[in-house]
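Visitor: Before I ask anything, let me first share the structure, which is written out below as structure tokens.
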Amino acid sequence: MMMSAQAYGDKGKMKEYHYTGPVEHKFSPYAFNGGTVLAVAGEDFALVASDTRLSEGYSIHSRDSPKCYKLTDTTVIGCSGFHGDCLTLTKIIEARLKMYKHSNNKNMTSGAIAAMLSTILYGRRFFPYYVYNIIGGLDEEGRGAVYSFDPVGSYQRDTYKAGGSASAMLQPLLDNQIGFKNMENVEQVPLSLEKAVQLVKDVFISAAERDVYTGDALKICIITKEGVREEIVPLRKD
Amino acid sequence: MATVSVCQYHRGGFSFENCKRNALLEADINKLGFSSPAARKTGTTICGVVYKDGVVLGADTRATEGMVVADKNCSKIHYISPNVYCCGAGTAADTEMTTQIISSNLELHSLSTGRLPRVATANRMLKQMLFRYQGYIGAALVLGGVDCTGPHLYSIYPHGSTDKLPYVTMGSGSLAAMAVFEDRYRPNMEEEEAKRLVRDAIAAGIFNDLGSGSNIDLCVITKGKVDYLRPHDVANKKGVR
């Protein structure tokens with residue numbers, strides 16, 4: 001009877017197997033701090049929502065660290081990914097907003113902020129900001145606008161977008177409920193503010209059930225021509 | 001006459017023939033930017049405590065696949081024999097099958113001896129099996145029960161080492177749970193105090209560890225009686241619209 005030739009070498013000992021070789025651990029300049037961000041644009045309003053949990057690995061750093069940052073009376077930005085880069089990026093954006101205000105004597109519009117953010121992000125093309133950005137606001141005509149970005153500055157205008165750790169779970173649900181995708185014989189009613197807020201709450205409650213990085217509380221920034229209003233809703237804390 | 005046989009003699013246990021091939025495949029997949037599928041682990045906080053009349057075992061109920069919750073209410077306290085139960089952390093399939101195998105063997109053993117099984121016997125069987133597989137079976141267990149020699153509690157590690165202690169915790173939330181134990185454990189507690197202590201230790205794991213969550217299951221084992229409280233405490237309800 002012949003022994004298996006593959007696993008056993010000459011002296012009957014098992015042969016050594018290598019994986020990809022010895023692994024050297026280098027210092028990584030990035031960390032993943034979790035969090036989910038969502039923005040929805042309506043006829044005359046925009047919503048930007050985020051959870052407030054800041055985590056790393058299996059631990060929680062903070063239960064009260066919202067990821068929405070108010071930029072102007074008509075624009076809010078949601079940033080998730082590496083918290084260090086989120087903070088630095090928002091500081092840079094706020095400084096650039098002030099510079100624009102002082103030299104042009106007017107506030108930046110949502111579209112202008114989006115274009116500027118794209119150039120800021122691409123400026124770091126070879127050592128990117130590890131941030132997933134979504135801008136929500138009102139455009140010059142007062143209609144809701146959402147701009148979604150990738151870490152190096154590619155962006156487009158959307159009606160709704162989810163970003164961050166639970167984005168893959170939320171985006172298909174939004175496609176179905178707001179975009180009426182993958183449904184037949186359905187009346188395509190435009191989204192009202194109350195329905196949009198309720199939908200955002202439902203969607204985050206579902207995300208908190210299945211994504212471990214999402215939870216603790218939900219902060220919704222509601223942008224209308226009256227300004228920016230905030231609503232806070234508790235989520236699962238486990 | 002020696003015939004060249006196509007059949008290969010299996011030495012039992014794990015076969016490592018495909019490791020080299022798997023390593024190459026994994027390297028190729030990683031180069032394309034994908035990751036290979038991972039076994040489902042339970043994340044988990046499990047613990048046990050010996051009190052005046054017996055032992056209390058506790059566990060959370062979340063099973064994770066990567067960082068996504070696969071099961072919001074899975075059962076981590078497994079039956080070994082009428083007087084011995086075992087909590088399992090680590091790879092879900094490994095804890096399930098290992099405890100079932102030992103439970104089955106222990107029942108046969110108990111019929112052969114004509115006596116109620118002892119916790120030390122279950123411990124010995126589990127550690128010998130896990131050592132035989134050299135840590136490849138990813139099962140970290142908290143074994144507890146009451147037999148003719150009294151209440152006993154063991155923690156069993158995937159490589160086959162065991163510790164016999166008055167209070168133990170295992171899993172990703174073990175540090176959070178152990179913090180609670182180290183603060184409030186006393187020898188010879190009453191049943192209500194022991195249940196409260198275990199409940200609070202699991203709750204610490206549920207709220208502070210991302211790998212643990214949902215409800216708290218308890219199992220109180222005394223001489224002649226087992227209270228399997230599932231759920232003992234629904235610590236987290238789904239958000240209210």
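Chain labels A, B, ... are given in the sequence in which chains occur in the structure tokens; within each chain residues are numbered consecutively from 1, and ligands are likewise numbered from 1 in the order shown.
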I want to know what sits within 12 Å of Ala120 (chain B), based on only C-alpha atoms, with residues of the same chain fewer than 5 positions away left out; could you give that as an NGL selection string?
Guide: :B and (84 or 106 or 125-127 or 143-156 or 162-164)
Visitor: Write out as an mmCIF file with C-alpha atoms, in the first residue's frame the residues lying within 6 Å of region 106-112 of chain A, counting only C-alpha atoms and excluding same-chain residues fewer than 4 positions away.
Guide:
```cif
data_model
loop_
_atom_site.group_PDB
_atom_site.id
_atom_site.type_symbol
_atom_site.label_atom_id
_atom_site.label_comp_id
_atom_site.auth_asym_id
_atom_site.auth_seq_id
_atom_site.Cartn_x
_atom_site.Cartn_y
_atom_site.Cartn_z
ATOM 1 C CA THR A 75 -25.460 72.548 3.301
ATOM 2 C CA LYS A 101 -16.826 84.258 1.946
ATOM 3 C CA GLY A 137 -28.219 70.601 0.758
ATOM 4 C CA ASP A 139 -29.250 74.096 -4.731
#
```
Visitor: Excluding region 187-189 of chain B and any residue of its chain fewer than 3 positions from it, enumerate the residues within 10 Å of it, using only C-alpha atoms, and give them as a list in words.
Guide: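 So the residues in contact are Val49, Val50, Tyr51, Lys52, Asp53, Gly54, Pro166, Tyr167, Glu192, Glu193, Ala194, Lys195 and Leu197 of chain B.
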Visitor: Output N, CA and C atoms for every residue in the selection just made, as an mmCIF file, in the first residue's frame.
Guide:
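Generated file (selection-v4.cif):
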```cif
data_model
loop_
_atom_site.group_PDB
_atom_site.id
_atom_site.type_symbol
_atom_site.label_atom_id
_atom_site.label_comp_id
_atom_site.auth_asym_id
_atom_site.auth_seq_id
_atom_site.Cartn_x
_atom_site.Cartn_y
_atom_site.Cartn_z
ATOM 1 N N VAL B 49 -20.071 30.810 36.789
ATOM 2 C CA VAL B 49 -19.682 31.098 38.169
ATOM 3 C C VAL B 49 -20.159 29.955 39.060
ATOM 4 N N VAL B 50 -19.350 29.574 40.052
ATOM 5 C CA VAL B 50 -19.757 28.562 41.033
ATOM 6 C C VAL B 50 -20.325 29.293 42.231
ATOM 7 N N TYR B 51 -21.549 28.895 42.657
ATOM 8 C CA TYR B 51 -22.104 29.539 43.843
ATOM 9 C C TYR B 51 -22.417 28.467 44.885
ATOM 10 N N LYS B 52 -23.184 28.818 45.897
ATOM 11 C CA LYS B 52 -23.361 27.935 47.047
ATOM 12 C C LYS B 52 -23.913 26.560 46.655
ATOM 13 N N ASP B 53 -25.018 26.561 45.836
ATOM 14 C CA ASP B 53 -25.679 25.278 45.560
ATOM 15 C C ASP B 53 -25.324 24.671 44.214
ATOM 16 N N GLY B 54 -24.525 25.380 43.374
ATOM 17 C CA GLY B 54 -24.262 24.821 42.043
ATOM 18 C C GLY B 54 -23.494 25.780 41.162
ATOM 19 N N PRO B 166 -13.315 28.992 40.029
ATOM 20 C CA PRO B 166 -14.642 29.350 40.536
ATOM 21 C C PRO B 166 -15.405 30.310 39.627
ATOM 22 N N TYR B 167 -14.709 31.075 38.768
ATOM 23 C CA TYR B 167 -15.411 31.951 37.815
ATOM 24 C C TYR B 167 -14.553 32.095 36.565
ATOM 25 N N GLU B 192 -29.789 34.022 43.764
ATOM 26 C CA GLU B 192 -30.208 35.272 43.114
ATOM 27 C C GLU B 192 -29.023 36.180 42.849
ATOM 28 N N GLU B 193 -28.097 36.233 43.815
ATOM 29 C CA GLU B 193 -26.937 37.099 43.643
ATOM 30 C C GLU B 193 -26.051 36.580 42.501
ATOM 31 N N ALA B 194 -25.900 35.249 42.428
ATOM 32 C CA ALA B 194 -25.078 34.657 41.369
ATOM 33 C C ALA B 194 -25.697 34.925 40.002
ATOM 34 N N LYS B 195 -27.026 34.780 39.912
ATOM 35 C CA LYS B 195 -27.698 35.039 38.624
ATOM 36 C C LYS B 195 -27.534 36.490 38.212
ATOM 37 N N LEU B 197 -25.100 38.486 39.064
ATOM 38 C CA LEU B 197 -23.696 38.711 38.700
ATOM 39 C C LEU B 197 -23.421 38.243 37.271
#
```
Visitor: Would you please extract all alpha helix (DSSP H) residues from region 63-160 of chain B, as assigned by DSSP on the backbone, and give them as JSON, numbers by chain?
Guide: {"B": [92, 93, 94, 95, 96, 97, 98, 99, 100, 101, 102, 103, 104, 105, 106, 107, 108, 109, 110, 111, 112, 113, 119, 120, 121, 122, 123, 124, 125, 126, 127, 128, 129, 130, 131, 132]}
Visitor: From a DSSP calculation on the backbone, collect every residue of region 7-202 of chain A in strand (DSSP E) and output the set as a ChimeraX atom specification.
Guide: /A:36-41,46-51,54-56,59-62,68-72,75-81,131-138,144-149,155-158,160-164
Visitor: What's around Ile232 (chain A) at 8 Å? Count only C-alpha atoms, leave out sequence neighbours fewer than 5 positions away in its own chain, and write the answer as a list of chain:residue names.
Guide: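 Skipping anything fewer than 5 positions along the chain leaves A:Ala217, A:Leu218, A:Lys219, A:Ile220.
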Visitor: Which residues of chain B sit at most 9 Å from chain A, using only C-alpha atoms? Give each one's shortest atom pair and distance in Å (one decimal place), in chain and ascending residue order, as CSV.
Guide:
```
residue,atom,partner,partner_atom,distance
B:Ala2,CA,A:Met1,CA,7.5
B:Thr3,CA,A:Met1,CA,7.2
B:Val4,CA,A:Met2,CA,6.5
B:Ser5,CA,A:Met1,CA,5.9
B:Val6,CA,A:Met2,CA,7.9
B:Cys7,CA,A:Met2,CA,7.9
B:Gln8,CA,A:Ser4,CA,5.3
B:Tyr9,CA,A:Met3,CA,5.8
B:His10,CA,A:Ser4,CA,8.3
B:Ser15,CA,A:Ala7,CA,8.5
B:Phe16,CA,A:Ala7,CA,6.8
B:Glu17,CA,A:Ala7,CA,5.5
B:Asn18,CA,A:Ala7,CA,8.9
B:Cys19,CA,A:Tyr17,CA,7.1
B:Lys20,CA,A:Tyr17,CA,6.0
B:Asn22,CA,A:Tyr19,CA,8.8
B:Ala23,CA,A:Tyr19,CA,5.3
B:Leu24,CA,A:Tyr19,CA,7.7
B:Ala27,CA,A:Thr20,CA,7.0
B:Thr64,CA,A:Val212,CA,8.7
B:Met67,CA,A:Val212,CA,5.9
B:Val68,CA,A:Asp211,CA,4.9
B:Val69,CA,A:Arg210,CA,4.6
B:Ala70,CA,A:Arg210,CA,7.4
B:Asp71,CA,A:Arg210,CA,8.7
B:Lys72,CA,A:Glu209,CA,7.9
B:Ser172,CA,A:Tyr58,CA,7.8
B:Gly173,CA,A:Tyr58,CA,8.7
B:Ala203,CA,A:Asp238,CA,8.9
B:Gly205,CA,A:Asp238,CA,8.7
B:Ile206,CA,A:Asp238,CA,5.3
B:Phe207,CA,A:Asp238,CA,4.4
B:Asn208,CA,A:Ser59,CA,6.5
B:Asp209,CA,A:Ser59,CA,5.6
B:Leu210,CA,A:Tyr58,CA,5.0
B:Gly211,CA,A:Tyr58,CA,6.3
B:Ser212,CA,A:Asp238,CA,7.1
B:Gly213,CA,A:Asp238,CA,5.0
B:Ser214,CA,A:Asp238,CA,6.7
B:Ala235,CA,A:Asp238,CA,8.6
B:Asn236,CA,A:Arg236,CA,6.5
B:Lys237,CA,A:Arg236,CA,7.2
B:Lys238,CA,A:Arg236,CA,6.7
B:Gly239,CA,A:Leu235,CA,5.6
B:Val240,CA,A:Ile205,CA,8.1
B:Arg241,CA,A:Asp202,CA,6.5
```
Visitor: Output N, CA and C atoms of each residue in that selection to a file, as a compact mmCIF listing (two decimals), in the first residue's frame.
Guide:
```txt
# COMPACT_ATOMS: atom_id res chain seq x y z
N ALA B 2 3.67 -6.50 -4.85
CA ALA B 2 3.29 -5.14 -4.43
C ALA B 2 2.56 -4.45 -5.56
N THR B 3 1.35 -4.06 -5.29
CA THR B 3 0.61 -3.31 -6.31
C THR B 3 0.64 -1.84 -5.96
N VAL B 4 0.75 -1.02 -6.98
CA VAL B 4 0.69 0.43 -6.73
C VAL B 4 -0.77 0.81 -6.57
N SER B 5 -1.14 1.21 -5.36
CA SER B 5 -2.54 1.51 -5.10
C SER B 5 -2.82 2.99 -5.34
N VAL B 6 -3.94 3.22 -5.97
CA VAL B 6 -4.34 4.62 -6.20
C VAL B 6 -4.86 5.23 -4.90
N CYS B 7 -5.44 4.33 -4.06
CA CYS B 7 -6.02 4.85 -2.82
C CYS B 7 -4.91 5.29 -1.88
N GLN B 8 -5.14 6.42 -1.22
CA GLN B 8 -4.16 6.91 -0.26
C GLN B 8 -4.60 6.57 1.14
N TYR B 9 -3.68 6.16 1.94
CA TYR B 9 -4.00 5.76 3.29
C TYR B 9 -4.28 7.00 4.14
N HIS B 10 -5.48 7.10 4.66
CA HIS B 10 -5.81 8.28 5.46
C HIS B 10 -5.44 8.04 6.90
N SER B 15 -6.62 16.42 6.99
CA SER B 15 -5.70 16.15 5.89
C SER B 15 -5.16 17.49 5.41
N PHE B 16 -3.85 17.63 5.38
CA PHE B 16 -3.26 18.91 5.03
C PHE B 16 -2.79 18.96 3.59
N GLU B 17 -3.31 18.03 2.77
CA GLU B 17 -2.81 17.93 1.40
C GLU B 17 -3.08 19.18 0.59
N ASN B 18 -4.21 19.82 0.84
CA ASN B 18 -4.59 20.96 -0.01
C ASN B 18 -4.07 22.30 0.46
N CYS B 19 -3.28 22.30 1.55
CA CYS B 19 -2.87 23.59 2.11
C CYS B 19 -2.07 24.44 1.16
N LYS B 20 -1.12 23.78 0.44
CA LYS B 20 -0.28 24.55 -0.47
C LYS B 20 -1.14 25.14 -1.60
N ASN B 22 -4.33 25.74 -1.49
CA ASN B 22 -5.21 26.77 -0.95
C ASN B 22 -4.46 28.07 -0.75
N ALA B 23 -3.21 27.97 -0.28
CA ALA B 23 -2.44 29.19 -0.05
C ALA B 23 -2.22 29.93 -1.37
N LEU B 24 -1.91 29.17 -2.44
CA LEU B 24 -1.72 29.81 -3.75
C LEU B 24 -3.01 30.45 -4.24
N ALA B 27 -3.73 33.63 -2.33
CA ALA B 27 -2.87 34.72 -2.78
C ALA B 27 -3.40 35.30 -4.10
N THR B 64 -21.91 36.30 14.49
CA THR B 64 -21.47 37.23 13.45
C THR B 64 -20.74 36.51 12.32
N MET B 67 -18.22 41.27 10.18
CA MET B 67 -18.82 42.26 11.09
C MET B 67 -20.30 42.47 10.79
N VAL B 68 -20.94 41.44 10.23
CA VAL B 68 -22.38 41.48 9.99
C VAL B 68 -23.03 40.45 10.90
N VAL B 69 -24.18 40.80 11.48
CA VAL B 69 -24.85 39.86 12.37
C VAL B 69 -25.55 38.79 11.54
N ALA B 70 -25.17 37.54 11.72
CA ALA B 70 -25.79 36.45 10.96
C ALA B 70 -27.01 35.91 11.69
N ASP B 71 -26.95 35.78 13.00
CA ASP B 71 -28.09 35.29 13.78
C ASP B 71 -28.25 36.18 15.01
N LYS B 72 -29.47 36.76 15.16
CA LYS B 72 -29.67 37.67 16.29
C LYS B 72 -30.03 36.93 17.58
N SER B 172 -14.87 37.10 22.69
CA SER B 172 -14.35 38.44 22.44
C SER B 172 -14.74 39.41 23.54
N GLY B 173 -15.87 39.15 24.22
CA GLY B 173 -16.30 40.03 25.31
C GLY B 173 -15.83 39.58 26.67
N ALA B 203 -24.07 41.30 30.23
CA ALA B 203 -24.54 42.61 29.76
C ALA B 203 -23.34 43.52 29.45
N GLY B 205 -20.46 42.56 28.38
CA GLY B 205 -19.96 42.12 27.09
C GLY B 205 -20.87 42.59 25.97
N ILE B 206 -22.18 42.50 26.15
CA ILE B 206 -23.13 42.87 25.09
C ILE B 206 -23.00 44.33 24.73
N PHE B 207 -22.88 45.22 25.72
CA PHE B 207 -22.87 46.65 25.42
C PHE B 207 -21.49 47.18 25.05
N ASN B 208 -20.42 46.56 25.54
CA ASN B 208 -19.10 47.12 25.27
C ASN B 208 -18.31 46.38 24.21
N ASP B 209 -18.75 45.20 23.79
CA ASP B 209 -18.05 44.44 22.76
C ASP B 209 -18.93 44.38 21.51
N LEU B 210 -18.38 44.74 20.36
CA LEU B 210 -19.18 44.75 19.13
C LEU B 210 -19.50 43.35 18.64
N GLY B 211 -18.69 42.33 19.09
CA GLY B 211 -18.95 40.97 18.62
C GLY B 211 -20.06 40.28 19.40
N SER B 212 -20.56 40.89 20.49
CA SER B 212 -21.61 40.28 21.30
C SER B 212 -22.82 41.19 21.29
N GLY B 213 -24.02 40.59 21.45
CA GLY B 213 -25.20 41.44 21.49
C GLY B 213 -26.46 40.66 21.72
N SER B 214 -27.58 41.34 21.54
CA SER B 214 -28.94 40.82 21.68
C SER B 214 -29.26 40.42 23.12
N ALA B 235 -32.06 42.17 26.63
CA ALA B 235 -31.36 43.42 26.94
C ALA B 235 -31.52 44.46 25.83
N ASN B 236 -31.84 44.00 24.61
CA ASN B 236 -31.90 44.93 23.49
C ASN B 236 -33.12 44.68 22.65
N LYS B 237 -34.00 45.70 22.62
CA LYS B 237 -35.14 45.56 21.73
C LYS B 237 -34.86 46.34 20.45
N LYS B 238 -35.52 45.95 19.36
CA LYS B 238 -35.35 46.66 18.11
C LYS B 238 -35.89 48.08 18.30
N GLY B 239 -35.26 49.07 17.61
CA GLY B 239 -35.63 50.47 17.79
C GLY B 239 -37.09 50.72 17.48
N VAL B 240 -37.68 51.60 18.25
CA VAL B 240 -39.10 51.92 18.04
C VAL B 240 -39.20 53.00 16.98
N ARG B 241 -40.15 52.80 16.01
CA ARG B 241 -40.26 53.79 14.94
C ARG B 241 -40.70 55.11 15.56
```
Visitor: Counting only C-alpha atoms, what is within 8 Å of Val220 (chain B), bar same-chain residues fewer than 3 positions away, as an MDAnalysis selection string?
Guide: chainID B and resid 54:57 195 226:229
Visitor: Please produce a file of those selected residues containing N, CA and C atoms, as a PDB file, in the first residue's frame.
Guide:
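Dumped everything to out.pdb:
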```
ATOM      1  N   GLY B  54     -24.525  25.380  43.374  1.00  0.00           N
ATOM      2  CA  GLY B  54     -24.262  24.821  42.043  1.00  0.00           C
ATOM      3  C   GLY B  54     -23.494  25.780  41.162  1.00  0.00           C
ATOM      4  N   VAL B  55     -23.815  25.772  39.869  1.00  0.00           N
ATOM      5  CA  VAL B  55     -23.152  26.699  38.939  1.00  0.00           C
ATOM      6  C   VAL B  55     -24.193  27.461  38.124  1.00  0.00           C
ATOM      7  N   VAL B  56     -23.817  28.696  37.719  1.00  0.00           N
ATOM      8  CA  VAL B  56     -24.636  29.479  36.806  1.00  0.00           C
ATOM      9  C   VAL B  56     -23.795  29.729  35.562  1.00  0.00           C
ATOM     10  N   LEU B  57     -24.325  29.360  34.384  1.00  0.00           N
ATOM     11  CA  LEU B  57     -23.651  29.640  33.114  1.00  0.00           C
ATOM     12  C   LEU B  57     -24.423  30.738  32.390  1.00  0.00           C
ATOM     13  N   LYS B 195     -27.026  34.780  39.912  1.00  0.00           N
ATOM     14  CA  LYS B 195     -27.698  35.039  38.624  1.00  0.00           C
ATOM     15  C   LYS B 195     -27.534  36.490  38.212  1.00  0.00           C
ATOM     16  N   VAL B 226     -32.187  21.651  36.734  1.00  0.00           N
ATOM     17  CA  VAL B 226     -31.540  22.573  35.787  1.00  0.00           C
ATOM     18  C   VAL B 226     -32.567  23.587  35.329  1.00  0.00           C
ATOM     19  N   ASP B 227     -32.257  24.876  35.465  1.00  0.00           N
ATOM     20  CA  ASP B 227     -33.124  25.952  34.955  1.00  0.00           C
ATOM     21  C   ASP B 227     -32.484  26.528  33.716  1.00  0.00           C
ATOM     22  N   TYR B 228     -33.071  26.228  32.533  1.00  0.00           N
ATOM     23  CA  TYR B 228     -32.497  26.760  31.288  1.00  0.00           C
ATOM     24  C   TYR B 228     -33.316  27.997  30.930  1.00  0.00           C
ATOM     25  N   LEU B 229     -32.785  29.177  31.243  1.00  0.00           N
ATOM     26  CA  LEU B 229     -33.560  30.408  31.073  1.00  0.00           C
ATOM     27  C   LEU B 229     -33.166  31.077  29.750  1.00  0.00           C
TER      28      LEU B 229
END
```
Visitor: Excluding same-chain residues fewer than 4 positions from Thr74 (chain A), what lies within 10 Å of it counting only C-alpha atoms, as a list in words?
Guide: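 My list of contacting residues is Phe45, Ala46, Lys70, Asn107, Met108, Thr109, Ser110, Gly136, Gly137, Leu138, Asp139, Glu140, Gly142, Gly144, Ile222, Ile223, Thr224, Lys225, Glu226, Gly227 and Val228 of chain A.
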Visitor: Can you list, as a count of residues only, every protein, DNA or RNA residue that comes within 8 Å of Ala177 (chain B) when you count only C-alpha atoms, leaving out same-chain residues fewer than 6 positions away?
Guide: 9
Visitor: How many Å lie between CA of Gly42 (chain A) and CA of Val146 (chain A), rounded to one decimal?
Guide: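 Those two atoms sit 9.4 Å apart.
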Visitor: Hey, which of A:Asn33, A:Asp150, A:Ala49, A:Leu87 ends up closest to Ser62 (chain A)? Count only C-alpha atoms.
Guide: A:Asn33
Visitor: Quote the spacing between CA of Met178 (chain B) and CA of Met97 (chain B) in Å to one decimal place.
Guide: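 Result for CA of Met178 (chain B) versus CA of Met97 (chain B): 26.9 Å, one decimal.
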Visitor: Considering only C-alpha atoms, state which residue in the set A:Ala31, A:Leu54, A:Met99, A:Val48 is at the smallest distance from Glu231 (chain A).
Guide: A:Val48
